[in-house]
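Below is the file input31.csv, which contains CSV, N, CA and C atoms and all ligand atoms.
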```csv
chain,number,residue,atom,x,y,z
W,6,MET,N,270.8,94.8,103.3
W,6,MET,CA,271.0,93.5,102.7
W,6,MET,C,269.7,92.7,102.9
W,7,GLU,N,269.0,92.3,101.8
W,7,GLU,CA,267.8,91.5,102.0
W,7,GLU,C,268.2,90.1,102.2
W,8,PRO,N,267.3,89.3,102.8
W,8,PRO,CA,267.6,87.9,103.1
W,8,PRO,C,267.9,87.1,101.8
W,9,GLN,N,267.3,87.4,100.7
W,9,GLN,CA,267.5,86.6,99.5
W,9,GLN,C,268.9,86.8,98.9
W,10,ASN,N,269.6,87.9,99.4
W,10,ASN,CA,271.0,88.1,98.9
W,10,ASN,C,272.0,87.9,100.0
W,11,CYS,N,271.6,87.3,101.1
W,11,CYS,CA,272.5,87.2,102.3
W,11,CYS,C,273.2,85.9,102.3
W,12,VAL,N,274.5,85.9,102.4
W,12,VAL,CA,275.3,84.7,102.3
W,12,VAL,C,275.0,83.8,103.5
W,13,PHE,N,274.7,84.3,104.7
W,13,PHE,CA,274.5,83.4,105.8
W,13,PHE,C,273.1,82.8,105.8
W,14,CYS,N,272.1,83.6,105.2
W,14,CYS,CA,270.8,82.9,105.0
W,14,CYS,C,270.9,81.8,104.0
W,15,LYS,N,271.8,82.0,103.0
W,15,LYS,CA,272.0,80.9,102.0
W,15,LYS,C,272.7,79.7,102.6
W,16,ILE,N,273.6,80.0,103.5
W,16,ILE,CA,274.3,78.9,104.2
W,16,ILE,C,273.3,78.1,105.1
W,17,ALA,N,272.5,78.9,105.8
W,17,ALA,CA,271.5,78.2,106.7
W,17,ALA,C,270.5,77.4,106.0
W,18,SER,N,270.2,77.8,104.7
W,18,SER,CA,269.2,77.0,103.9
W,18,SER,C,269.9,75.9,103.1
W,19,GLY,N,271.2,75.9,103.1
W,19,GLY,CA,272.0,74.8,102.4
W,19,GLY,C,272.3,75.2,101.0
W,20,GLU,N,271.8,76.4,100.5
W,20,GLU,CA,272.1,76.8,99.2
W,20,GLU,C,273.6,77.0,98.9
W,21,ILE,N,274.3,77.5,99.9
W,21,ILE,CA,275.7,77.7,99.9
W,21,ILE,C,276.3,76.6,100.9
W,22,PRO,N,277.2,75.8,100.4
W,22,PRO,CA,277.8,74.7,101.3
W,22,PRO,C,278.6,75.3,102.4
W,23,SER,N,278.6,74.6,103.5
W,23,SER,CA,279.5,75.0,104.7
W,23,SER,C,279.8,73.7,105.4
W,24,LYS,N,280.8,73.9,106.3
W,24,LYS,CA,281.2,72.7,107.2
W,24,LYS,C,280.3,72.9,108.5
W,25,LYS,N,279.2,72.2,108.5
W,25,LYS,CA,278.2,72.3,109.5
W,25,LYS,C,278.6,71.6,110.8
W,26,GLU,N,278.4,72.3,111.9
W,26,GLU,CA,278.6,71.7,113.3
W,26,GLU,C,277.3,71.4,114.0
W,27,TYR,N,276.3,72.2,113.7
W,27,TYR,CA,275.0,72.1,114.4
W,27,TYR,C,273.9,72.7,113.6
W,28,GLU,N,272.7,72.1,113.7
W,28,GLU,CA,271.5,72.7,113.1
W,28,GLU,C,270.3,72.3,113.8
W,29,ASP,N,269.4,73.2,114.1
W,29,ASP,CA,268.0,72.9,114.5
W,29,ASP,C,267.1,73.8,113.7
W,30,ASP,N,265.8,73.9,114.1
W,30,ASP,CA,264.8,74.7,113.3
W,30,ASP,C,265.2,76.2,113.3
W,31,GLU,N,265.9,76.6,114.3
W,31,GLU,CA,266.1,78.1,114.5
W,31,GLU,C,267.6,78.5,114.4
W,32,ILE,N,268.5,77.6,114.5
W,32,ILE,CA,269.9,77.9,114.7
W,32,ILE,C,270.8,77.1,113.8
W,33,PHE,N,271.9,77.7,113.3
W,33,PHE,CA,272.8,76.9,112.4
W,33,PHE,C,274.2,77.3,112.9
W,34,ALA,N,275.1,76.4,112.9
W,34,ALA,CA,276.5,76.6,113.3
W,34,ALA,C,277.5,76.0,112.3
W,35,PHE,N,278.5,76.7,111.9
W,35,PHE,CA,279.4,76.2,110.8
W,35,PHE,C,280.8,76.8,111.0
W,36,HIS,N,281.7,76.2,110.4
W,36,HIS,CA,283.1,76.7,110.5
W,36,HIS,C,283.4,77.9,109.6
W,37,ASP,N,284.1,78.9,110.2
W,37,ASP,CA,284.4,80.1,109.4
W,37,ASP,C,285.3,79.7,108.3
W,38,ILE,N,285.1,80.3,107.1
W,38,ILE,CA,285.8,80.0,105.9
W,38,ILE,C,287.3,80.5,106.0
W,39,ASN,N,287.5,81.5,106.9
W,39,ASN,CA,288.8,82.1,107.0
W,39,ASN,C,289.1,82.2,108.5
W,40,PRO,N,289.5,81.1,109.1
W,40,PRO,CA,289.6,81.0,110.6
W,40,PRO,C,290.7,81.9,111.1
W,41,LYS,N,290.3,82.6,112.2
W,41,LYS,CA,291.3,83.5,112.9
W,41,LYS,C,291.8,82.8,114.2
W,42,ALA,N,291.5,81.6,114.4
W,42,ALA,CA,292.0,80.8,115.5
W,42,ALA,C,291.9,79.3,115.1
W,43,PRO,N,292.6,78.5,115.8
W,43,PRO,CA,292.6,77.0,115.4
W,43,PRO,C,291.2,76.5,115.3
W,44,ILE,N,290.3,76.9,116.2
W,44,ILE,CA,288.9,76.5,116.1
W,44,ILE,C,288.1,77.9,115.9
W,45,HIS,N,287.3,78.0,114.9
W,45,HIS,CA,286.6,79.2,114.6
W,45,HIS,C,285.3,78.8,114.0
W,46,VAL,N,284.2,78.8,114.8
W,46,VAL,CA,282.9,78.4,114.3
W,46,VAL,C,282.0,79.7,114.5
W,47,LEU,N,281.0,79.8,113.5
W,47,LEU,CA,280.0,80.8,113.6
W,47,LEU,C,278.7,80.2,114.0
W,48,VAL,N,278.0,80.8,114.9
W,48,VAL,CA,276.7,80.4,115.3
W,48,VAL,C,275.7,81.5,114.9
W,49,ILE,N,274.7,81.1,114.2
W,49,ILE,CA,273.7,82.2,113.7
W,49,ILE,C,272.3,81.7,113.9
W,50,PRO,N,271.4,82.7,114.2
W,50,PRO,CA,270.0,82.4,114.2
W,50,PRO,C,269.6,82.3,112.7
W,51,LYS,N,268.7,81.4,112.3
W,51,LYS,CA,268.3,81.3,110.9
W,51,LYS,C,267.5,82.6,110.5
W,52,LYS,N,266.9,83.2,111.5
W,52,LYS,CA,266.2,84.5,111.2
W,52,LYS,C,267.2,85.5,110.8
W,53,HIS,N,266.9,86.3,109.7
W,53,HIS,CA,267.8,87.3,109.2
W,53,HIS,C,267.7,88.6,110.1
W,54,ILE,N,268.5,88.7,111.0
W,54,ILE,CA,268.7,89.9,111.9
W,54,ILE,C,269.9,90.6,111.4
W,55,PRO,N,269.9,91.7,110.6
W,55,PRO,CA,271.1,92.2,110.0
W,55,PRO,C,272.2,92.6,111.0
W,56,ARG,N,271.8,93.3,112.1
W,56,ARG,CA,272.8,93.7,113.0
W,56,ARG,C,272.2,93.5,114.4
W,57,LEU,N,273.0,93.3,115.4
W,57,LEU,CA,272.5,93.0,116.8
W,57,LEU,C,271.7,94.2,117.3
W,58,VAL,N,272.1,95.4,116.8
W,58,VAL,CA,271.4,96.6,117.3
W,58,VAL,C,269.9,96.6,116.8
W,59,GLU,N,269.6,95.8,115.8
W,59,GLU,CA,268.2,95.7,115.3
W,59,GLU,C,267.4,94.6,116.0
W,60,VAL,N,268.0,94.0,117.0
W,60,VAL,CA,267.3,92.9,117.7
W,60,VAL,C,266.0,93.3,118.4
W,61,SER,N,265.0,92.4,118.5
W,61,SER,CA,263.7,92.8,119.1
W,61,SER,C,263.4,91.8,120.2
W,62,GLU,N,262.4,92.1,121.0
W,62,GLU,CA,262.0,91.2,122.1
W,62,GLU,C,261.7,89.8,121.5
W,63,ASP,N,261.2,89.7,120.3
W,63,ASP,CA,260.9,88.4,119.7
W,63,ASP,C,262.1,87.5,119.5
W,64,ASP,N,263.3,88.1,119.5
W,64,ASP,CA,264.5,87.4,119.2
W,64,ASP,C,265.3,87.0,120.5
W,65,VAL,N,264.7,87.3,121.7
W,65,VAL,CA,265.5,87.1,122.9
W,65,VAL,C,265.7,85.6,123.1
W,66,GLU,N,264.7,84.8,122.9
W,66,GLU,CA,264.9,83.3,123.1
W,66,GLU,C,265.9,82.7,122.2
W,67,VAL,N,265.8,83.0,120.9
W,67,VAL,CA,266.7,82.4,119.9
W,67,VAL,C,268.2,82.9,120.2
W,68,LEU,N,268.3,84.1,120.5
W,68,LEU,CA,269.7,84.6,120.7
W,68,LEU,C,270.3,84.0,122.0
W,69,GLY,N,269.4,83.8,123.0
W,69,GLY,CA,269.9,83.1,124.2
W,69,GLY,C,270.3,81.7,123.9
W,70,ARG,N,269.5,81.0,123.1
W,70,ARG,CA,269.8,79.7,122.7
W,70,ARG,C,271.1,79.6,121.9
W,71,CYS,N,271.4,80.6,121.1
W,71,CYS,CA,272.7,80.6,120.4
W,71,CYS,C,273.8,80.5,121.4
W,72,GLN,N,273.7,81.0,122.6
W,72,GLN,CA,274.8,80.8,123.5
W,72,GLN,C,274.9,79.4,124.1
W,73,LEU,N,273.7,78.8,124.2
W,73,LEU,CA,273.7,77.4,124.6
W,73,LEU,C,274.4,76.6,123.5
W,74,VAL,N,274.1,76.8,122.3
W,74,VAL,CA,274.7,76.1,121.1
W,74,VAL,C,276.2,76.4,121.1
W,75,ALA,N,276.6,77.6,121.4
W,75,ALA,CA,278.0,77.9,121.4
W,75,ALA,C,278.7,77.1,122.4
W,76,ALA,N,278.1,76.9,123.6
W,76,ALA,CA,278.7,76.1,124.6
W,76,ALA,C,278.8,74.6,124.2
W,77,GLN,N,277.7,74.2,123.6
W,77,GLN,CA,277.7,72.8,123.2
W,77,GLN,C,278.7,72.5,122.1
W,78,VAL,N,278.8,73.4,121.1
W,78,VAL,CA,279.8,73.3,120.0
W,78,VAL,C,281.2,73.3,120.6
W,79,ALA,N,281.5,74.2,121.5
W,79,ALA,CA,282.8,74.3,122.2
W,79,ALA,C,283.2,73.0,122.9
W,80,LYS,N,282.2,72.5,123.6
W,80,LYS,CA,282.5,71.2,124.3
W,80,LYS,C,282.8,70.1,123.3
W,81,LYS,N,281.9,70.0,122.2
W,81,LYS,CA,282.1,69.0,121.2
W,81,LYS,C,283.5,69.1,120.5
W,82,LEU,N,284.0,70.3,120.4
W,82,LEU,CA,285.3,70.5,119.7
W,82,LEU,C,286.4,70.6,120.6
W,83,ASN,N,286.2,70.2,121.9
W,83,ASN,CA,287.2,70.1,122.9
W,83,ASN,C,287.9,71.4,123.3
W,84,ILE,N,287.1,72.5,123.2
W,84,ILE,CA,287.6,73.8,123.6
W,84,ILE,C,286.8,74.4,124.7
W,85,GLY,N,286.0,73.5,125.4
W,85,GLY,CA,285.1,73.9,126.4
W,85,GLY,C,285.7,74.7,127.6
W,86,ASP,N,287.0,74.5,127.8
W,86,ASP,CA,287.6,75.1,129.0
W,86,ASP,C,288.2,76.5,128.6
W,87,ALA,N,288.2,76.8,127.3
W,87,ALA,CA,288.9,78.1,126.9
W,87,ALA,C,288.4,78.5,125.5
W,88,PHE,N,287.3,79.3,125.5
W,88,PHE,CA,286.9,79.9,124.2
W,88,PHE,C,286.3,81.2,124.4
W,89,ARG,N,286.2,82.0,123.3
W,89,ARG,CA,285.6,83.3,123.3
W,89,ARG,C,284.4,83.3,122.4
W,90,VAL,N,283.4,84.1,122.8
W,90,VAL,CA,282.2,84.3,122.0
W,90,VAL,C,282.1,85.8,121.7
W,91,LEU,N,282.2,86.1,120.4
W,91,LEU,CA,282.3,87.5,119.9
W,91,LEU,C,281.3,87.8,118.9
W,92,THR,N,280.8,89.1,118.9
W,92,THR,CA,279.9,89.5,117.8
W,92,THR,C,280.2,91.0,117.6
W,93,ALA,N,280.0,91.4,116.4
W,93,ALA,CA,280.2,92.9,116.0
W,93,ALA,C,278.9,93.3,115.4
W,94,SER,N,278.5,94.5,115.8
W,94,SER,CA,277.3,95.2,115.3
W,94,SER,C,277.7,96.5,114.6
W,95,GLY,N,277.6,96.5,113.3
W,95,GLY,CA,278.0,97.7,112.5
W,95,GLY,C,279.3,97.6,111.9
W,96,GLU,N,279.4,98.2,110.7
W,96,GLU,CA,280.6,98.1,109.9
W,96,GLU,C,281.8,98.7,110.6
W,97,ALA,N,281.6,99.8,111.3
W,97,ALA,CA,282.8,100.5,111.9
W,97,ALA,C,283.3,99.6,113.1
W,98,ALA,N,282.5,98.7,113.6
W,98,ALA,CA,282.9,97.8,114.6
W,98,ALA,C,283.5,96.5,114.1
W,99,GLY,N,283.6,96.4,112.7
W,99,GLY,CA,284.2,95.3,112.1
W,99,GLY,C,283.3,94.2,111.5
W,100,GLN,N,281.9,94.5,111.6
W,100,GLN,CA,281.0,93.6,111.0
W,100,GLN,C,281.1,93.6,109.5
W,101,SER,N,281.2,92.4,108.9
W,101,SER,CA,281.4,92.4,107.4
W,101,SER,C,280.2,91.6,106.8
W,102,VAL,N,279.6,90.7,107.5
W,102,VAL,CA,278.4,90.0,107.0
W,102,VAL,C,277.2,90.5,107.8
W,103,PHE,N,276.2,91.0,107.2
W,103,PHE,CA,275.1,91.7,107.9
W,103,PHE,C,274.0,90.7,108.1
W,104,HIS,N,274.3,89.7,108.8
W,104,HIS,CA,273.3,88.7,109.4
W,104,HIS,C,274.0,88.3,110.7
W,105,THR,N,273.3,88.7,111.8
W,105,THR,CA,273.9,88.6,113.1
W,105,THR,C,274.5,87.2,113.3
W,106,HIS,N,275.7,87.2,113.9
W,106,HIS,CA,276.4,85.9,114.1
W,106,HIS,C,277.3,86.0,115.3
W,107,TYR,N,277.6,84.9,115.9
W,107,TYR,CA,278.5,84.8,117.1
W,107,TYR,C,279.7,84.0,116.6
W,108,HIS,N,280.9,84.6,116.8
W,108,HIS,CA,282.1,83.9,116.5
W,108,HIS,C,282.5,83.1,117.8
W,109,ILE,N,282.7,81.8,117.6
W,109,ILE,CA,283.3,81.0,118.7
W,109,ILE,C,284.7,80.7,118.3
W,110,VAL,N,285.6,81.2,119.1
W,110,VAL,CA,287.1,81.0,118.8
W,110,VAL,C,287.8,80.4,120.0
W,111,GLY,N,288.7,79.5,119.7
W,111,GLY,CA,289.5,78.9,120.7
W,111,GLY,C,290.4,77.9,120.1
W,112,GLY,N,291.0,77.0,121.0
W,112,GLY,CA,292.0,76.0,120.6
W,112,GLY,C,293.4,76.5,120.5
W,113,TRP,N,293.7,77.7,121.1
W,113,TRP,CA,295.0,78.2,121.0
W,113,TRP,C,296.1,77.3,121.6
W,114,GLN,N,295.7,76.6,122.7
W,114,GLN,CA,296.6,75.9,123.5
W,114,GLN,C,297.2,74.7,122.7
W,115,GLU,N,296.4,74.2,121.7
W,115,GLU,CA,296.9,73.1,120.9
W,115,GLU,C,297.8,73.6,119.7
W,116,THR,N,297.8,74.9,119.5
W,116,THR,CA,298.5,75.5,118.4
W,116,THR,C,299.3,76.8,118.9
W,117,PRO,N,300.4,76.6,119.6
W,117,PRO,CA,301.0,77.7,120.2
W,117,PRO,C,301.4,78.8,119.3
W,118,GLU,N,301.7,78.5,118.0
W,118,GLU,CA,302.1,79.5,117.1
W,118,GLU,C,301.0,80.5,116.7
W,119,MET,N,299.8,80.1,117.1
W,119,MET,CA,298.7,81.0,116.8
W,119,MET,C,298.3,81.8,118.1
W,120,GLU,N,299.1,81.7,119.1
W,120,GLU,CA,298.8,82.4,120.4
W,120,GLU,C,298.5,83.8,120.2
W,121,VAL,N,299.2,84.5,119.3
W,121,VAL,CA,299.0,85.9,119.1
W,121,VAL,C,297.5,86.2,118.7
W,122,LYS,N,296.9,85.2,118.0
W,122,LYS,CA,295.5,85.4,117.6
W,122,LYS,C,294.5,85.4,118.7
W,123,LYS,N,295.0,85.1,119.9
W,123,LYS,CA,294.1,85.1,121.0
W,123,LYS,C,293.4,86.5,121.2
W,124,GLU,N,294.1,87.5,120.7
W,124,GLU,CA,293.5,88.9,120.8
W,124,GLU,C,292.4,89.1,119.8
W,125,PHE,N,292.1,88.2,118.9
W,125,PHE,CA,291.0,88.3,118.0
W,125,PHE,C,289.8,88.8,118.7
W,126,PRO,N,289.0,89.8,118.2
W,126,PRO,CA,289.3,90.4,116.9
W,126,PRO,C,290.2,91.6,117.1
O,201,LIG,P1,282.3,89.6,110.7
O,201,LIG,O1,283.5,90.2,110.1
O,201,LIG,O2,282.3,89.7,112.2
O,201,LIG,O3,281.0,90.1,110.1
O,201,LIG,O4,282.4,88.1,110.4
O,201,LIG,C1,282.1,87.5,109.2
O,201,LIG,C2,282.8,86.2,109.1
O,201,LIG,O5,282.1,85.4,108.1
O,201,LIG,C3,284.3,86.3,108.7
O,201,LIG,O6,285.1,85.7,109.7
O,201,LIG,C4,284.3,85.5,107.4
O,201,LIG,O7,285.5,84.8,107.3
O,201,LIG,C5,283.1,84.6,107.5
O,201,LIG,N1,282.5,84.1,106.3
O,201,LIG,C6,282.2,84.9,105.2
O,201,LIG,N2,281.7,84.1,104.2
O,201,LIG,C7,281.7,82.9,104.7
O,201,LIG,C8,281.3,81.6,104.1
O,201,LIG,N3,280.8,81.5,102.9
O,201,LIG,N4,281.4,80.5,104.9
O,201,LIG,C9,282.0,80.6,106.1
O,201,LIG,N5,282.4,81.7,106.7
O,201,LIG,C10,282.2,82.9,106.0
O,202,ZN,ZN,270.6,86.6,106.4
```

Represent the structure from my file as structure tokens, please.
Amino acid sequence: MEPQNCVFCKIASGEIPSKKEYEDDEIFAFHDINPKAPIHVLVIPKKHIPRLVEVSEDDVEVLGRCQLVAAQVAKKLNIGDAFRVLTASGEAAGQSVFHTHYHIVGGWQETPEMEVKKEFP
């Protein structure tokens, strides 16, 4: 998947609308369109890294900062005490969008009927 055809590159550039939670020069965070938990946000590097297995030394800083943004977003959305950060690399592992992303999921305690979803993915 080339960057010009990538849905997450288009979200990061604003070409495709999203419910944005955070943006800086290198990172973008937005709500998942099909949430698997009461709070479900995706944090992405703006750089098109198709799969985590393709990461390079040049990406270490931005991917580390994605975790800082994950923590900041979790606190902002009041799930700072209980959230998961998940990523899949490769189709057989469940990756469906080939632009590396971290799922931030949480908020189960406010929505007991979704407790089962705690096992996501
Ligand atoms: P994964 O299956 O781990 O690759 O996760 C991809 C995620 O992207 C899924 O949870 C989708 O619901 C989500 N997704 C796909 N397209 C969009 C979109 N246009 N806006 C927000 N989330 C999306
Ligand atoms: Zn991309």

Counting all atoms listed in the file, which residues of chain W sit at most 6 Å from some atom of ligand ZN 202 (chain O), and what is each one's closest atom pair with its distance in Å to one decimal, listed by chain and rising residue number, as a Markdown table?
```
| residue | atom | partner | partner_atom | distance |
| --- | --- | --- | --- | --- |
| W:Glu7 | C | O:ZN202 | ZN | 6.0 |
| W:Pro8 | CA | O:ZN202 | ZN | 4.6 |
| W:Cys11 | CA | O:ZN202 | ZN | 4.6 |
| W:Val12 | N | O:ZN202 | ZN | 5.6 |
| W:Phe13 | C | O:ZN202 | ZN | 4.6 |
| W:Cys14 | N | O:ZN202 | ZN | 3.6 |
| W:Lys15 | N | O:ZN202 | ZN | 5.8 |
| W:Lys52 | C | O:ZN202 | ZN | 5.7 |
| W:His53 | CA | O:ZN202 | ZN | 4.0 |
| W:Ile54 | N | O:ZN202 | ZN | 5.5 |
| W:Phe103 | C | O:ZN202 | ZN | 5.6 |
| W:His104 | CA | O:ZN202 | ZN | 4.5 |
```

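Rounded to one decimal, atom C of Phe88 in chain W and atom C of Val110 in chain W lie 4.7 Å from each other.
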
Give as a PDB file with N, CA and C atoms, keeping the file's coordinate frame the residues surrounding ligand LIG 201 (chain O) up to a distance of 6 Å, considering all atoms listed in the file.
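Saved to result-v7.pdb:
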```
ATOM      1  N   SER W  23     278.600  74.600 103.500  1.00  0.00           N
ATOM      2  CA  SER W  23     279.500  75.000 104.700  1.00  0.00           C
ATOM      3  C   SER W  23     279.800  73.700 105.400  1.00  0.00           C
ATOM      4  N   HIS W  36     281.700  76.200 110.400  1.00  0.00           N
ATOM      5  CA  HIS W  36     283.100  76.700 110.500  1.00  0.00           C
ATOM      6  C   HIS W  36     283.400  77.900 109.600  1.00  0.00           C
ATOM      7  N   ASP W  37     284.100  78.900 110.200  1.00  0.00           N
ATOM      8  CA  ASP W  37     284.400  80.100 109.400  1.00  0.00           C
ATOM      9  C   ASP W  37     285.300  79.700 108.300  1.00  0.00           C
ATOM     10  N   ILE W  38     285.100  80.300 107.100  1.00  0.00           N
ATOM     11  CA  ILE W  38     285.800  80.000 105.900  1.00  0.00           C
ATOM     12  C   ILE W  38     287.300  80.500 106.000  1.00  0.00           C
ATOM     13  N   ASN W  39     287.500  81.500 106.900  1.00  0.00           N
ATOM     14  CA  ASN W  39     288.800  82.100 107.000  1.00  0.00           C
ATOM     15  C   ASN W  39     289.100  82.200 108.500  1.00  0.00           C
ATOM     16  N   PRO W  40     289.500  81.100 109.100  1.00  0.00           N
ATOM     17  CA  PRO W  40     289.600  81.000 110.600  1.00  0.00           C
ATOM     18  C   PRO W  40     290.700  81.900 111.100  1.00  0.00           C
ATOM     19  N   THR W  92     280.800  89.100 118.900  1.00  0.00           N
ATOM     20  CA  THR W  92     279.900  89.500 117.800  1.00  0.00           C
ATOM     21  C   THR W  92     280.200  91.000 117.600  1.00  0.00           C
ATOM     22  N   ALA W  93     280.000  91.400 116.400  1.00  0.00           N
ATOM     23  CA  ALA W  93     280.200  92.900 116.000  1.00  0.00           C
ATOM     24  C   ALA W  93     278.900  93.300 115.400  1.00  0.00           C
ATOM     25  N   GLY W  99     283.600  96.400 112.700  1.00  0.00           N
ATOM     26  CA  GLY W  99     284.200  95.300 112.100  1.00  0.00           C
ATOM     27  C   GLY W  99     283.300  94.200 111.500  1.00  0.00           C
ATOM     28  N   GLN W 100     281.900  94.500 111.600  1.00  0.00           N
ATOM     29  CA  GLN W 100     281.000  93.600 111.000  1.00  0.00           C
ATOM     30  C   GLN W 100     281.100  93.600 109.500  1.00  0.00           C
ATOM     31  N   SER W 101     281.200  92.400 108.900  1.00  0.00           N
ATOM     32  CA  SER W 101     281.400  92.400 107.400  1.00  0.00           C
ATOM     33  C   SER W 101     280.200  91.600 106.800  1.00  0.00           C
ATOM     34  N   VAL W 102     279.600  90.700 107.500  1.00  0.00           N
ATOM     35  CA  VAL W 102     278.400  90.000 107.000  1.00  0.00           C
ATOM     36  C   VAL W 102     277.200  90.500 107.800  1.00  0.00           C
ATOM     37  N   PHE W 103     276.200  91.000 107.200  1.00  0.00           N
ATOM     38  CA  PHE W 103     275.100  91.700 107.900  1.00  0.00           C
ATOM     39  C   PHE W 103     274.000  90.700 108.100  1.00  0.00           C
TER      40      PHE W 103
END
```

| said: Please list, as a PyMOL selection string, the residues that have an atom at most 9 Å away from (273.2, 75.2, 112.8) in the coordinates of this file, counting only C-alpha atoms. | reply: chain W and resi 17+25-35+47-51+74

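Put simply, atom C of Val67 in chain W is 24.8 Å away from CA of Gly112 in chain W.
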
| query | Taking only C-alpha atoms into account, which of W:Glu62, W:Val90, W:Leu57, W:Leu68 comes nearest Ile109 in chain W? | reply | W:Val90

DSSP says strand (DSSP E) for which residues of chain W? Put them as a compact mmCIF listing (two decimals) with N, CA and C atoms, in the coordinates of the input?
```
# COMPACT_ATOMS: atom_id res chain seq x y z
N LYS W 25 279.20 72.20 108.50
CA LYS W 25 278.20 72.30 109.50
C LYS W 25 278.60 71.60 110.80
N GLU W 26 278.40 72.30 111.90
CA GLU W 26 278.60 71.70 113.30
C GLU W 26 277.30 71.40 114.00
N TYR W 27 276.30 72.20 113.70
CA TYR W 27 275.00 72.10 114.40
C TYR W 27 273.90 72.70 113.60
N GLU W 28 272.70 72.10 113.70
CA GLU W 28 271.50 72.70 113.10
C GLU W 28 270.30 72.30 113.80
N ILE W 32 268.50 77.60 114.50
CA ILE W 32 269.90 77.90 114.70
C ILE W 32 270.80 77.10 113.80
N PHE W 33 271.90 77.70 113.30
CA PHE W 33 272.80 76.90 112.40
C PHE W 33 274.20 77.30 112.90
N ALA W 34 275.10 76.40 112.90
CA ALA W 34 276.50 76.60 113.30
C ALA W 34 277.50 76.00 112.30
N PHE W 35 278.50 76.70 111.90
CA PHE W 35 279.40 76.20 110.80
C PHE W 35 280.80 76.80 111.00
N HIS W 36 281.70 76.20 110.40
CA HIS W 36 283.10 76.70 110.50
C HIS W 36 283.40 77.90 109.60
N ILE W 44 290.30 76.90 116.20
CA ILE W 44 288.90 76.50 116.10
C ILE W 44 288.10 77.90 115.90
N HIS W 45 287.30 78.00 114.90
CA HIS W 45 286.60 79.20 114.60
C HIS W 45 285.30 78.80 114.00
N VAL W 46 284.20 78.80 114.80
CA VAL W 46 282.90 78.40 114.30
C VAL W 46 282.00 79.70 114.50
N LEU W 47 281.00 79.80 113.50
CA LEU W 47 280.00 80.80 113.60
C LEU W 47 278.70 80.20 114.00
N VAL W 48 278.00 80.80 114.90
CA VAL W 48 276.70 80.40 115.30
C VAL W 48 275.70 81.50 114.90
N ILE W 49 274.70 81.10 114.20
CA ILE W 49 273.70 82.20 113.70
C ILE W 49 272.30 81.70 113.90
N PRO W 50 271.40 82.70 114.20
CA PRO W 50 270.00 82.40 114.20
C PRO W 50 269.60 82.30 112.70
N PHE W 88 287.30 79.30 125.50
CA PHE W 88 286.90 79.90 124.20
C PHE W 88 286.30 81.20 124.40
N ARG W 89 286.20 82.00 123.30
CA ARG W 89 285.60 83.30 123.30
C ARG W 89 284.40 83.30 122.40
N VAL W 90 283.40 84.10 122.80
CA VAL W 90 282.20 84.30 122.00
C VAL W 90 282.10 85.80 121.70
N LEU W 91 282.20 86.10 120.40
CA LEU W 91 282.30 87.50 119.90
C LEU W 91 281.30 87.80 118.90
N TYR W 107 277.60 84.90 115.90
CA TYR W 107 278.50 84.80 117.10
C TYR W 107 279.70 84.00 116.60
N HIS W 108 280.90 84.60 116.80
CA HIS W 108 282.10 83.90 116.50
C HIS W 108 282.50 83.10 117.80
N ILE W 109 282.70 81.80 117.60
CA ILE W 109 283.30 81.00 118.70
C ILE W 109 284.70 80.70 118.30
N VAL W 110 285.60 81.20 119.10
CA VAL W 110 287.10 81.00 118.80
C VAL W 110 287.80 80.40 120.00
N GLY W 111 288.70 79.50 119.70
CA GLY W 111 289.50 78.90 120.70
C GLY W 111 290.40 77.90 120.10
```

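What separates CA of Glu59 in chain W from CA of Ser94 in chain W is a distance of 9.1 Å.
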
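Checking W:Leu91, W:Ile21, W:Ile44, W:Glu66 one by one against His106 in chain W, counting only C-alpha atoms, you find the shortest gap at W:Leu91.
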